[in-house]
Every structure is written in C-alpha cells, then in structure tokens.
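protein33.pdb (PDB, C-alpha atoms)
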```
MODEL        1
ATOM      1  CA  MET A   1     101.427  80.606 128.739
ATOM      2  CA  ARG A   2      97.772  80.632 127.779
ATOM      3  CA  PRO A   3      96.034  77.240 127.960
ATOM      4  CA  GLU A   4      94.797  77.610 124.385
ATOM      5  CA  ASP A   5      98.360  78.249 123.131
ATOM      6  CA  PHE A   6      99.653  75.173 124.933
ATOM      7  CA  ALA A   7      96.758  73.086 123.582
ATOM      8  CA  TYR A   8      97.509  74.214 120.019
ATOM      9  CA  VAL A   9     101.232  73.443 120.121
ATOM     10  CA  ALA A  10     100.607  70.085 121.850
ATOM     11  CA  LYS A  11      98.094  69.091 119.147
ATOM     12  CA  MET A  12     100.410  70.245 116.375
ATOM     13  CA  LEU A  13     103.384  68.295 117.764
ATOM     14  CA  LYS A  14     101.349  65.092 118.082
ATOM     15  CA  GLU A  15     100.016  65.350 114.536
ATOM     16  CA  ARG A  16     103.379  66.190 112.978
ATOM     17  CA  SER A  17     105.712  63.943 114.960
ATOM     18  CA  GLY A  18     103.758  61.759 117.392
ATOM     19  CA  LEU A  19     105.379  63.572 120.332
ATOM     20  CA  ILE A  20     103.153  63.807 123.405
ATOM     21  CA  VAL A  21     103.635  66.982 125.456
ATOM     22  CA  THR A  22     101.651  67.144 128.692
ATOM     23  CA  PRO A  23     101.211  70.272 130.835
ATOM     24  CA  ASP A  24     103.858  69.054 133.293
ATOM     25  CA  LYS A  25     106.369  69.199 130.405
ATOM     26  CA  ALA A  26     105.682  72.876 129.704
ATOM     27  CA  TYR A  27     109.237  73.652 130.863
ATOM     28  CA  LEU A  28     110.482  71.870 127.721
ATOM     29  CA  LEU A  29     108.637  74.381 125.571
ATOM     30  CA  GLU A  30     110.358  77.183 127.461
ATOM     31  CA  SER A  31     113.867  75.735 127.129
ATOM     32  CA  ARG A  32     113.648  74.572 123.522
ATOM     33  CA  LEU A  33     111.493  77.248 121.914
ATOM     34  CA  THR A  34     112.743  80.430 123.583
ATOM     35  CA  PRO A  35     115.860  80.447 121.335
ATOM     36  CA  ILE A  36     113.557  80.374 118.284
ATOM     37  CA  ALA A  37     111.611  83.338 119.634
ATOM     38  CA  ARG A  38     114.863  85.209 120.259
ATOM     39  CA  LYS A  39     116.143  84.448 116.762
ATOM     40  CA  ARG A  40     112.922  85.763 115.241
ATOM     41  CA  GLY A  41     113.052  88.971 117.280
ATOM     42  CA  LEU A  42     110.005  88.110 119.387
ATOM     43  CA  LYS A  43     109.542  89.048 123.036
ATOM     44  CA  GLY A  44     109.414  85.479 124.255
ATOM     45  CA  LEU A  45     107.708  82.098 124.194
ATOM     46  CA  ASP A  46     104.180  83.491 124.579
ATOM     47  CA  GLU A  47     104.505  85.661 121.483
ATOM     48  CA  LEU A  48     105.975  82.750 119.519
ATOM     49  CA  LEU A  49     103.105  80.435 120.461
ATOM     50  CA  GLN A  50     100.540  83.081 119.559
ATOM     51  CA  GLN A  51     102.099  83.352 116.086
ATOM     52  CA  LEU A  52     102.237  79.593 115.571
ATOM     53  CA  PRO A  53      98.754  79.020 114.049
ATOM     54  CA  SER A  54      99.327  81.649 111.367
ATOM     55  CA  GLY A  55     103.111  81.397 111.145
ATOM     56  CA  GLY A  56     103.198  79.059 108.187
ATOM     57  CA  GLU A  57     104.976  75.785 107.473
ATOM     58  CA  ASP A  58     108.497  77.070 108.169
ATOM     59  CA  LEU A  59     107.696  78.136 111.727
ATOM     60  CA  GLN A  60     105.746  74.972 112.524
ATOM     61  CA  ARG A  61     108.559  72.852 111.146
ATOM     62  CA  GLU A  62     111.180  74.757 113.154
ATOM     63  CA  VAL A  63     109.182  74.320 116.360
ATOM     64  CA  THR A  64     108.630  70.601 115.670
ATOM     65  CA  GLU A  65     112.332  70.020 115.002
ATOM     66  CA  ALA A  66     113.341  71.868 118.166
ATOM     67  CA  MET A  67     110.972  69.792 120.278
ATOM     68  CA  THR A  68     111.875  66.420 118.751
ATOM     69  CA  THR A  69     115.657  66.775 118.661
ATOM     70  CA  ASN A  70     116.956  64.274 121.200
ATOM     71  CA  GLU A  71     120.487  63.613 122.268
ATOM     72  CA  SER A  72     122.483  60.755 120.852
ATOM     73  CA  PHE A  73     125.953  59.431 121.504
ATOM     74  CA  PHE A  74     128.310  56.800 120.185
ATOM     75  CA  PHE A  75     127.752  53.189 121.328
ATOM     76  CA  ARG A  76     124.916  54.345 123.583
ATOM     77  CA  ASP A  77     124.241  51.848 126.393
ATOM     78  CA  ILE A  78     126.985  49.681 124.786
ATOM     79  CA  LYS A  79     125.069  46.363 125.252
ATOM     80  CA  PRO A  80     122.944  46.711 122.081
ATOM     81  CA  PHE A  81     126.138  47.071 120.061
ATOM     82  CA  ASP A  82     127.781  44.126 121.808
ATOM     83  CA  GLN A  83     124.645  42.122 120.979
ATOM     84  CA  PHE A  84     124.841  43.265 117.379
ATOM     85  CA  LYS A  85     128.458  42.135 117.055
ATOM     86  CA  SER A  86     128.190  38.817 118.915
ATOM     87  CA  LEU A  87     124.616  37.698 118.101
ATOM     88  CA  VAL A  88     122.938  39.630 115.291
ATOM     89  CA  LEU A  89     125.834  39.919 112.858
ATOM     90  CA  PRO A  90     126.588  36.149 112.929
ATOM     91  CA  LEU A  91     122.864  35.539 112.275
ATOM     92  CA  LEU A  92     122.957  37.885 109.302
ATOM     93  CA  LEU A  93     126.058  36.174 107.922
ATOM     94  CA  LYS A  94     124.250  32.847 108.178
ATOM     95  CA  ASN A  95     120.759  33.831 107.034
ATOM     96  CA  LYS A  96     121.809  36.150 104.194
ATOM     97  CA  ALA A  97     124.675  34.023 102.860
ATOM     98  CA  ALA A  98     122.858  33.317  99.598
ATOM     99  CA  LYS A  99     122.443  36.955  98.567
ATOM    100  CA  LYS A 100     125.377  38.364 100.565
ATOM    101  CA  SER A 101     123.607  41.565 101.481
ATOM    102  CA  PHE A 102     121.610  43.090 104.323
ATOM    103  CA  ARG A 103     120.157  46.464 105.287
ATOM    104  CA  ILE A 104     120.056  48.228 108.651
ATOM    105  CA  TRP A 105     117.780  51.141 109.561
ATOM    106  CA  SER A 106     118.631  53.630 112.299
ATOM    107  CA  ALA A 107     115.242  55.301 112.889
ATOM    108  CA  ALA A 108     115.153  58.776 114.471
ATOM    109  CA  CYS A 109     118.933  58.843 114.070
ATOM    110  CA  SER A 110     119.410  62.425 115.304
ATOM    111  CA  SER A 111     123.021  63.497 114.623
ATOM    112  CA  GLY A 112     124.119  60.081 113.373
ATOM    113  CA  GLN A 113     126.112  58.537 116.221
ATOM    114  CA  GLU A 114     124.097  55.288 116.313
ATOM    115  CA  ALA A 115     124.410  54.708 112.566
ATOM    116  CA  TYR A 116     128.127  55.473 112.635
ATOM    117  CA  SER A 117     128.651  53.171 115.633
ATOM    118  CA  LEU A 118     127.162  50.346 113.569
ATOM    119  CA  SER A 119     129.291  51.215 110.553
ATOM    120  CA  MET A 120     132.449  51.122 112.704
ATOM    121  CA  ILE A 121     131.527  47.634 113.955
ATOM    122  CA  ILE A 122     130.960  46.468 110.391
ATOM    123  CA  LYS A 123     134.247  48.042 109.312
ATOM    124  CA  GLU A 124     136.032  46.195 112.122
ATOM    125  CA  GLU A 125     134.448  42.929 110.965
ATOM    126  CA  GLY A 126     135.400  43.624 107.359
ATOM    127  CA  ALA A 127     137.211  40.329 106.767
ATOM    128  CA  LYS A 128     134.011  38.374 107.437
ATOM    129  CA  LEU A 129     132.038  40.626 105.113
ATOM    130  CA  ALA A 130     134.310  40.542 102.080
ATOM    131  CA  GLY A 131     132.104  40.554  98.991
ATOM    132  CA  TRP A 132     129.011  41.558 100.930
ATOM    133  CA  LYS A 133     126.806  44.592 100.307
ATOM    134  CA  VAL A 134     125.823  46.290 103.560
ATOM    135  CA  GLU A 135     123.478  49.289 103.608
ATOM    136  CA  ILE A 136     122.915  51.475 106.659
ATOM    137  CA  VAL A 137     120.157  54.083 106.432
ATOM    138  CA  GLY A 138     119.657  56.755 109.073
ATOM    139  CA  THR A 139     116.435  58.784 109.083
ATOM    140  CA  ASP A 140     115.174  61.721 111.109
ATOM    141  CA  ILE A 141     112.628  64.507 110.721
ATOM    142  CA  SER A 142     115.161  67.196 111.613
ATOM    143  CA  HIS A 143     116.919  68.716 108.618
ATOM    144  CA  GLU A 144     119.460  70.349 110.925
ATOM    145  CA  MET A 145     120.378  67.088 112.664
ATOM    146  CA  LEU A 146     120.733  65.274 109.333
ATOM    147  CA  GLU A 147     123.094  67.928 108.032
ATOM    148  CA  LYS A 148     125.230  67.448 111.127
ATOM    149  CA  ALA A 149     125.114  63.675 110.666
ATOM    150  CA  ARG A 150     126.183  63.887 107.032
ATOM    151  CA  ALA A 151     129.101  66.152 107.909
ATOM    152  CA  GLY A 152     130.213  63.729 110.626
ATOM    153  CA  ILE A 153     131.742  66.537 112.693
ATOM    154  CA  TYR A 154     131.516  66.276 116.473
ATOM    155  CA  SER A 155     132.742  68.202 119.493
ATOM    156  CA  GLN A 156     135.300  66.916 121.982
ATOM    157  CA  PHE A 157     132.422  66.280 124.402
ATOM    158  CA  GLU A 158     130.498  64.245 121.816
ATOM    159  CA  VAL A 159     133.408  61.981 120.895
ATOM    160  CA  GLN A 160     134.218  61.379 124.554
ATOM    161  CA  ARG A 161     130.700  60.075 125.299
ATOM    162  CA  GLY A 162     130.761  56.329 124.736
ATOM    163  CA  LEU A 163     133.315  56.230 121.930
ATOM    164  CA  PRO A 164     136.196  53.834 122.712
ATOM    165  CA  VAL A 165     139.569  55.576 122.531
ATOM    166  CA  GLN A 166     140.883  53.117 119.945
ATOM    167  CA  MET A 167     137.902  53.883 117.682
ATOM    168  CA  MET A 168     138.463  57.622 118.049
ATOM    169  CA  VAL A 169     142.144  57.291 117.140
ATOM    170  CA  LYS A 170     141.407  54.974 114.231
ATOM    171  CA  TYR A 171     138.362  56.612 112.660
ATOM    172  CA  PHE A 172     138.410  60.310 113.593
ATOM    173  CA  LYS A 173     140.583  63.250 112.598
ATOM    174  CA  LYS A 174     140.977  66.247 114.891
ATOM    175  CA  ASN A 175     140.464  69.675 113.369
ATOM    176  CA  ASN A 176     140.971  72.489 115.885
ATOM    177  CA  GLU A 177     138.248  71.908 118.503
ATOM    178  CA  THR A 178     136.221  69.335 116.544
ATOM    179  CA  TRP A 179     136.618  65.771 115.333
ATOM    180  CA  GLN A 180     135.475  64.510 111.919
ATOM    181  CA  ILE A 181     134.728  60.881 111.262
ATOM    182  CA  ASP A 182     136.675  59.194 108.492
ATOM    183  CA  PRO A 183     135.172  59.334 104.961
ATOM    184  CA  SER A 184     135.308  55.525 104.777
ATOM    185  CA  ILE A 185     132.832  55.394 107.688
ATOM    186  CA  ARG A 186     130.700  58.299 106.453
ATOM    187  CA  GLN A 187     130.150  56.736 103.031
ATOM    188  CA  MET A 188     128.760  53.584 104.642
ATOM    189  CA  VAL A 189     125.684  55.470 105.873
ATOM    190  CA  GLN A 190     122.923  57.088 103.840
ATOM    191  CA  PHE A 191     120.944  59.753 105.711
ATOM    192  CA  ARG A 192     117.397  60.636 104.691
ATOM    193  CA  GLU A 193     114.772  63.037 105.975
ATOM    194  CA  PHE A 194     111.784  60.936 106.989
ATOM    195  CA  ASN A 195     108.862  61.048 109.427
ATOM    196  CA  LEU A 196     108.387  57.808 111.368
ATOM    197  CA  LEU A 197     104.601  58.330 111.264
ATOM    198  CA  HIS A 198     104.500  58.165 107.465
ATOM    199  CA  ASP A 199     104.228  55.105 105.215
ATOM    200  CA  LEU A 200     107.496  53.203 105.604
ATOM    201  CA  LYS A 201     107.292  51.268 102.346
ATOM    202  CA  SER A 202     109.259  53.924 100.443
ATOM    203  CA  LEU A 203     112.305  53.068 102.571
ATOM    204  CA  GLY A 204     112.373  49.475 101.350
ATOM    205  CA  GLN A 205     112.936  46.346 103.427
ATOM    206  CA  PHE A 206     115.342  46.160 106.378
ATOM    207  CA  ASP A 207     116.849  43.134 108.070
ATOM    208  CA  VAL A 208     117.645  45.006 111.284
ATOM    209  CA  VAL A 209     115.794  48.044 112.660
ATOM    210  CA  PHE A 210     117.144  50.215 115.458
ATOM    211  CA  CYS A 211     114.216  52.212 116.852
ATOM    212  CA  ARG A 212     115.657  52.945 120.268
ATOM    213  CA  ASN A 213     114.393  55.566 122.718
ATOM    214  CA  VAL A 214     111.724  56.756 120.299
ATOM    215  CA  LEU A 215     108.489  55.028 121.352
ATOM    216  CA  ILE A 216     108.737  56.505 124.867
ATOM    217  CA  TYR A 217     107.597  59.828 123.397
ATOM    218  CA  PHE A 218     104.432  58.391 121.799
ATOM    219  CA  ASP A 219     101.024  57.431 123.162
ATOM    220  CA  GLN A 220      99.882  53.790 123.049
ATOM    221  CA  PRO A 221      97.976  53.934 119.717
ATOM    222  CA  THR A 222     100.935  55.632 118.004
ATOM    223  CA  LYS A 223     103.393  53.082 119.433
ATOM    224  CA  SER A 224     101.201  50.263 118.164
ATOM    225  CA  LYS A 225     100.891  51.819 114.709
ATOM    226  CA  VAL A 226     104.643  52.399 114.381
ATOM    227  CA  LEU A 227     105.438  48.809 115.426
ATOM    228  CA  GLU A 228     102.877  47.431 112.987
ATOM    229  CA  ASN A 229     104.338  49.513 110.160
ATOM    230  CA  ILE A 230     107.876  48.375 110.987
ATOM    231  CA  SER A 231     106.728  44.741 110.938
ATOM    232  CA  LYS A 232     105.660  45.216 107.315
ATOM    233  CA  ILE A 233     109.158  46.164 106.126
ATOM    234  CA  VAL A 234     111.188  43.438 107.846
ATOM    235  CA  PRO A 235     111.512  39.800 106.684
ATOM    236  CA  ASP A 236     110.503  36.807 108.800
ATOM    237  CA  ASP A 237     114.001  36.642 110.293
ATOM    238  CA  GLY A 238     114.177  40.410 110.894
ATOM    239  CA  ILE A 239     115.400  41.944 114.154
ATOM    240  CA  LEU A 240     114.034  44.983 115.997
ATOM    241  CA  TYR A 241     115.944  46.927 118.635
ATOM    242  CA  LEU A 242     114.080  49.063 121.177
ATOM    243  CA  GLY A 243     115.413  51.188 124.041
ATOM    244  CA  GLY A 244     115.966  49.813 127.523
ATOM    245  CA  ALA A 245     112.775  51.438 128.838
ATOM    246  CA  GLU A 246     110.658  50.289 125.882
ATOM    247  CA  THR A 247     108.819  47.068 125.131
ATOM    248  CA  VAL A 248     106.345  45.529 122.681
ATOM    249  CA  LEU A 249     104.509  43.693 125.464
ATOM    250  CA  GLY A 250     100.938  44.904 125.802
ATOM    251  CA  ILE A 251     101.391  47.199 122.795
ATOM    252  CA  SER A 252     101.850  45.004 119.733
ATOM    253  CA  ASP A 253     101.823  41.313 118.821
ATOM    254  CA  LYS A 254     103.876  41.908 115.674
ATOM    255  CA  PHE A 255     107.143  41.292 117.529
ATOM    256  CA  LYS A 256     108.188  39.009 120.374
ATOM    257  CA  PRO A 257     111.119  39.274 122.796
ATOM    258  CA  ILE A 258     114.172  37.161 122.055
ATOM    259  CA  PRO A 259     114.801  35.034 125.174
ATOM    260  CA  GLU A 260     117.638  36.271 127.389
ATOM    261  CA  GLN A 261     118.309  39.221 125.081
ATOM    262  CA  ARG A 262     116.923  42.425 126.550
ATOM    263  CA  GLY A 263     115.899  45.062 124.042
ATOM    264  CA  ILE A 264     115.943  42.799 120.949
ATOM    265  CA  TYR A 265     112.772  41.491 119.327
ATOM    266  CA  ALA A 266     112.024  38.976 116.590
ATOM    267  CA  VAL A 267     109.164  39.161 114.098
ATOM    268  CA  ASN A 268     106.073  37.317 115.331
ATOM    269  CA  ARG A 269     104.345  35.804 112.305
TER     270      ARG A 269
ENDMDL
END
```
Could you render the structure from this file as structure tokens?
Amino acid sequence: MRPEDFAYVAKMLKERSGLIVTPDKAYLLESRLTPIARKRGLKGLDELLQQLPSGGEDLQREVTEAMTTNESFFFRDIKPFDQFKSLVLPLLLKNKAAKKSFRIWSAACSSGQEAYSLSMIIKEEGAKLAGWKVEIVGTDISHEMLEKARAGIYSQFEVQRGLPVQMMVKYFKKNNETWQIDPSIRQMVQFREFNLLHDLKSLGQFDVVFCRNVLIYFDQPTKSKVLENISKIVPDDGILYLGGAETVLGISDKFKPIPEQRGIYAVNR
C-alpha cells in the first residue's frame, strides 16, 4: 500500500465519518475493503485505493460504510439495559408525567439490536406506559445496515448473542435459518440514515441518548464536538449513555457522570 493512498483514504474517512485510521490499523483496510475490490473486479486493495480519488461518490460512500460498520448485539453489556429499566425509565415516568411522552435516540445503531433491545424493555413495561407516546429513533450512516435493521431479520448466531431465551421465544419468529423480530417491536423503532458529524437539530429533541462505543473511534476534537452537539438536543433532565471504555471527563463539560452509575451521564448546565 502506497503511503499516499493510505493518507488519502485516512483523510477521507475522517472527513466523512470522524473515523481515525492510523497506520497500525492498515490491516482493517485489507480485511474490510478487499471484498469491495473483488466485487468491482479489481486486482486488490491497492488498485481500489488508487481509484478512490476519482471513483466518485458511490465508491467513497461504499468504502466509508465498510470501514464504519461495527458489530452490535442484543442487550450488549447488559448493565446499561438494567440501568435503563430500573433507574432511567422510572425517572422518565416521573419527569415526563405531564406530557406522557419521551424520545430515545440510538446513535450509530448499526443493524438495530440496541434500539430493539430498548423497545422490548418498553414493551415488557407496557402496563406502566399505558397512554404514553414513546419514540425510539435509530440512526446510522450505513444504508446497508439500516436496511437490515428495518427488516429485523437476524441469524441464529445474532439472536444467541445476549438475547435472553424468553425474549427470543416471545418476540421472534423462526424462518428457516433466520429469526425475524415481531412486527409489534419493529414498529416501535424508526430508522433514519444520518451522519453523527452533521447538525443534529433536524432529529429533534431526545430525553435519552445512547451513543455507546462510538466516540472511541474519534479524535479528541471530534469527541468534544459530538458531545457538545448532543447537549443541544437534550433537555435539562436528559440522560446520555456512553460505552464502558468512554467518558466525558477531560473531553467535555456539557455532561457530568451520575454518581455510582457507570456509563450514564446527566446534562451539566
């Protein structure tokens, strides 16, 4: 791989998605982009990268999506979802009692498992939410991942990762080798194509934001900018979720940790 080709793709990925690719991560280019080269009838990664500057929007978009597609699974790291059920949801029921509505954003939602995990919790708590309007919005920059999320069809491997057996039996239907999530769960989530680096105002206001395992791919200025932008679309009692390896400390003063609750942050106004 020529240094100039690597420099071009690294610059393009940062500008389009915020993703930082350093030379020691060159193996990721090989594993994720070689299939694109093969599909386009090219000799390999080098030829693909050489075509990238003049390859047009479609090629640059395809490369960006391949590099930013990250794995997701149901009830990932379970604790955030336990916290949502035992701490955050009761707060929402209390704080939003007057208008009986709240909105949740699953940012960089990939193939939809996080958003659907939340919708299953809300479905299970349905008696408490009678008469309430609950919106869950999942966004991602990958058109392919969003199509998968909307279809709600997952492999045996995907439904076995983190999904409690009782949830699988209750909310999924087996079809040959795949499982499809129940329409009642699918219709609770709206999926939209959206770049986290763009102006968030068009998404509206959210009471809870899940932005987990996303900031780890950004540099410090981009992390700070994203956190600042999120702070503008949450109310004073809004809640932000970050991944276990992420923090706002030393990056942004727009949010503050909630004592004794790892990974959850309150707005700092």
Name the residues that the PyMOL selection byres ((chain A and resi 81-87) around 9) picks from the file above, as an MDAnalysis selection string, using the file's chain letters and numbers. chainID A and resid 75:80 88:92 117:118 121:122 125 261 264
Name the residues captured by the PyMOL selection byres ((chain A and resi 235-241) around 10) when it is applied to the shown file; answer as a PyMOL selection string. chain A and resi 80+84+88+91-92+95-96+104-106+205-213+227+230-234+242-244+246-247+255-258+262-269
Box time for region 180-194 of chain A: axis-aligned, enclosing all its listed atoms, 8 Å extra on each side; report centre and edge lengths in Å to one decimal, as lines of an AutoDock Vina configuration file.
```
center_x = 124.2
center_y = 59.0
center_z = 107.5
size_x = 40.9
size_y = 26.9
size_z = 24.9
```
Test item: the PyMOL selection byres ((chain A and resi 29-41) around 12) resolved as an MDAnalysis selection string: chainID A and resid 1 5:6 9:10 13 21:28 42:52 55 58:70
Which residues come within 10 Å of Asp199 (chain A), counting all atoms listed in the file, excluding same-chain residues fewer than 5 positions away, as a list in words? Phe194, Val226, Asn229 and Ile230 of chain A
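Distance annotation: of A:Ile185, A:Ile141, A:Leu215, A:Val159, the residue with the minimal separation from Val248 (chain A) is A:Leu215; atom set is only C-alpha atoms.
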For Ser110 (chain A), list every protein, DNA or RNA residue within 7 Å, evaluated using only C-alpha atoms, and leave out those in the same chain fewer than 2 positions away; present the list as a ChimeraX atom specification. /A:69-70,72,108,112,140,145-146
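Interatomic distance, CA of Tyr171 (chain A) to CA of Gln113 (chain A): 12.9 Å.
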Gln187 (chain A) environment, 12 Å, all atoms listed in the file, sequence neighbours closer than 2 positions dropped, as a list in words: Ala115, Tyr116, Ser119, Met120, Lys123, Val134, Glu135, Ile136, Val137, Ala149, Arg150, Ala151, Gly152, Ile181, Asp182, Pro183, Ser184, Ile185, Val189, Gln190 and Phe191 of chain A
Selected residues written out with C-alpha atoms, as a compact mmCIF listing (two decimals), in the coordinates of the input:
```
# COMPACT_ATOMS: atom_id res chain seq x y z
CA ALA A 115 124.41 54.71 112.57
CA TYR A 116 128.13 55.47 112.64
CA SER A 119 129.29 51.22 110.55
CA MET A 120 132.45 51.12 112.70
CA LYS A 123 134.25 48.04 109.31
CA VAL A 134 125.82 46.29 103.56
CA GLU A 135 123.48 49.29 103.61
CA ILE A 136 122.92 51.48 106.66
CA VAL A 137 120.16 54.08 106.43
CA ALA A 149 125.11 63.68 110.67
CA ARG A 150 126.18 63.89 107.03
CA ALA A 151 129.10 66.15 107.91
CA GLY A 152 130.21 63.73 110.63
CA ILE A 181 134.73 60.88 111.26
CA ASP A 182 136.68 59.19 108.49
CA PRO A 183 135.17 59.33 104.96
CA SER A 184 135.31 55.52 104.78
CA ILE A 185 132.83 55.39 107.69
CA VAL A 189 125.68 55.47 105.87
CA GLN A 190 122.92 57.09 103.84
CA PHE A 191 120.94 59.75 105.71
```
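Of the residues listed (A:Glu260, A:His198, A:Gly250, A:Thr139), A:His198 shows the shortest atom-to-atom separation from Ser17 (chain A); distances use all atoms listed in the file.
Taking CA of Leu197 (chain A) and CA of Gly162 (chain A) as the two end points, the separation is 29.5 Å.
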Residue completion, region 162-187 of chain A, N, CA and C atoms, as a PDB file, in the frame of the given file:
```pdb
ATOM      1  N   GLY A 162     131.026  57.684 125.216  1.00  0.00           N
ATOM      2  CA  GLY A 162     130.761  56.329 124.736  1.00  0.00           C
ATOM      3  C   GLY A 162     131.703  55.800 123.682  1.00  0.00           C
ATOM      4  N   LEU A 163     132.447  56.668 123.021  1.00  0.00           N
ATOM      5  CA  LEU A 163     133.315  56.230 121.930  1.00  0.00           C
ATOM      6  C   LEU A 163     134.622  55.676 122.495  1.00  0.00           C
ATOM      7  N   PRO A 164     134.922  54.396 122.235  1.00  0.00           N
ATOM      8  CA  PRO A 164     136.196  53.834 122.712  1.00  0.00           C
ATOM      9  C   PRO A 164     137.378  54.609 122.137  1.00  0.00           C
ATOM     10  N   VAL A 165     138.406  54.789 122.948  1.00  0.00           N
ATOM     11  CA  VAL A 165     139.569  55.576 122.531  1.00  0.00           C
ATOM     12  C   VAL A 165     140.188  55.030 121.247  1.00  0.00           C
ATOM     13  N   GLN A 166     140.263  53.691 121.142  1.00  0.00           N
ATOM     14  CA  GLN A 166     140.883  53.117 119.945  1.00  0.00           C
ATOM     15  C   GLN A 166     140.083  53.421 118.686  1.00  0.00           C
ATOM     16  N   MET A 167     138.754  53.524 118.828  1.00  0.00           N
ATOM     17  CA  MET A 167     137.902  53.883 117.682  1.00  0.00           C
ATOM     18  C   MET A 167     138.118  55.349 117.301  1.00  0.00           C
ATOM     19  N   MET A 168     138.255  56.200 118.308  1.00  0.00           N
ATOM     20  CA  MET A 168     138.463  57.622 118.049  1.00  0.00           C
ATOM     21  C   MET A 168     139.786  57.838 117.309  1.00  0.00           C
ATOM     22  N   VAL A 169     140.830  57.160 117.766  1.00  0.00           N
ATOM     23  CA  VAL A 169     142.144  57.291 117.140  1.00  0.00           C
ATOM     24  C   VAL A 169     142.120  56.756 115.707  1.00  0.00           C
ATOM     25  N   LYS A 170     141.409  55.664 115.525  1.00  0.00           N
ATOM     26  CA  LYS A 170     141.407  54.974 114.231  1.00  0.00           C
ATOM     27  C   LYS A 170     140.525  55.644 113.190  1.00  0.00           C
ATOM     28  N   TYR A 171     139.371  56.173 113.622  1.00  0.00           N
ATOM     29  CA  TYR A 171     138.362  56.612 112.660  1.00  0.00           C
ATOM     30  C   TYR A 171     138.018  58.099 112.697  1.00  0.00           C
ATOM     31  N   PHE A 172     138.705  58.880 113.514  1.00  0.00           N
ATOM     32  CA  PHE A 172     138.410  60.310 113.593  1.00  0.00           C
ATOM     33  C   PHE A 172     139.673  61.140 113.381  1.00  0.00           C
ATOM     34  N   LYS A 173     139.482  62.311 112.803  1.00  0.00           N
ATOM     35  CA  LYS A 173     140.583  63.250 112.598  1.00  0.00           C
ATOM     36  C   LYS A 173     140.261  64.553 113.318  1.00  0.00           C
ATOM     37  N   LYS A 174     141.196  65.021 114.119  1.00  0.00           N
ATOM     38  CA  LYS A 174     140.977  66.247 114.891  1.00  0.00           C
ATOM     39  C   LYS A 174     141.225  67.461 114.007  1.00  0.00           C
ATOM     40  N   ASN A 175     140.333  68.425 114.114  1.00  0.00           N
ATOM     41  CA  ASN A 175     140.464  69.675 113.369  1.00  0.00           C
ATOM     42  C   ASN A 175     140.120  70.815 114.307  1.00  0.00           C
ATOM     43  N   ASN A 176     141.157  71.462 114.853  1.00  0.00           N
ATOM     44  CA  ASN A 176     140.971  72.489 115.885  1.00  0.00           C
ATOM     45  C   ASN A 176     140.224  71.900 117.077  1.00  0.00           C
ATOM     46  N   GLU A 177     138.987  72.368 117.323  1.00  0.00           N
ATOM     47  CA  GLU A 177     138.248  71.908 118.503  1.00  0.00           C
ATOM     48  C   GLU A 177     137.241  70.810 118.171  1.00  0.00           C
ATOM     49  N   THR A 178     137.207  70.358 116.931  1.00  0.00           N
ATOM     50  CA  THR A 178     136.221  69.335 116.544  1.00  0.00           C
ATOM     51  C   THR A 178     136.921  68.093 115.985  1.00  0.00           C
ATOM     52  N   TRP A 179     136.132  67.037 115.874  1.00  0.00           N
ATOM     53  CA  TRP A 179     136.618  65.771 115.333  1.00  0.00           C
ATOM     54  C   TRP A 179     135.699  65.362 114.186  1.00  0.00           C
ATOM     55  N   GLN A 180     136.284  64.972 113.055  1.00  0.00           N
ATOM     56  CA  GLN A 180     135.475  64.510 111.919  1.00  0.00           C
ATOM     57  C   GLN A 180     135.726  63.030 111.671  1.00  0.00           C
ATOM     58  N   ILE A 181     134.626  62.319 111.490  1.00  0.00           N
ATOM     59  CA  ILE A 181     134.728  60.881 111.262  1.00  0.00           C
ATOM     60  C   ILE A 181     135.263  60.606 109.856  1.00  0.00           C
ATOM     61  N   ASP A 182     135.996  59.531 109.732  1.00  0.00           N
ATOM     62  CA  ASP A 182     136.675  59.194 108.492  1.00  0.00           C
ATOM     63  C   ASP A 182     135.685  59.022 107.332  1.00  0.00           C
ATOM     64  N   PRO A 183     136.064  59.483 106.121  1.00  0.00           N
ATOM     65  CA  PRO A 183     135.172  59.334 104.961  1.00  0.00           C
ATOM     66  C   PRO A 183     134.761  57.888 104.701  1.00  0.00           C
ATOM     67  N   SER A 184     135.637  56.937 105.020  1.00  0.00           N
ATOM     68  CA  SER A 184     135.308  55.525 104.777  1.00  0.00           C
ATOM     69  C   SER A 184     134.141  55.070 105.645  1.00  0.00           C
ATOM     70  N   ILE A 185     133.963  55.704 106.801  1.00  0.00           N
ATOM     71  CA  ILE A 185     132.832  55.394 107.688  1.00  0.00           C
ATOM     72  C   ILE A 185     131.601  56.187 107.247  1.00  0.00           C
ATOM     73  N   ARG A 186     131.816  57.450 106.882  1.00  0.00           N
ATOM     74  CA  ARG A 186     130.700  58.299 106.453  1.00  0.00           C
ATOM     75  C   ARG A 186     129.999  57.733 105.227  1.00  0.00           C
ATOM     76  N   GLN A 187     130.767  57.211 104.281  1.00  0.00           N
ATOM     77  CA  GLN A 187     130.150  56.736 103.031  1.00  0.00           C
ATOM     78  C   GLN A 187     129.387  55.431 103.204  1.00  0.00           C
TER      79      GLN A 187
END
```
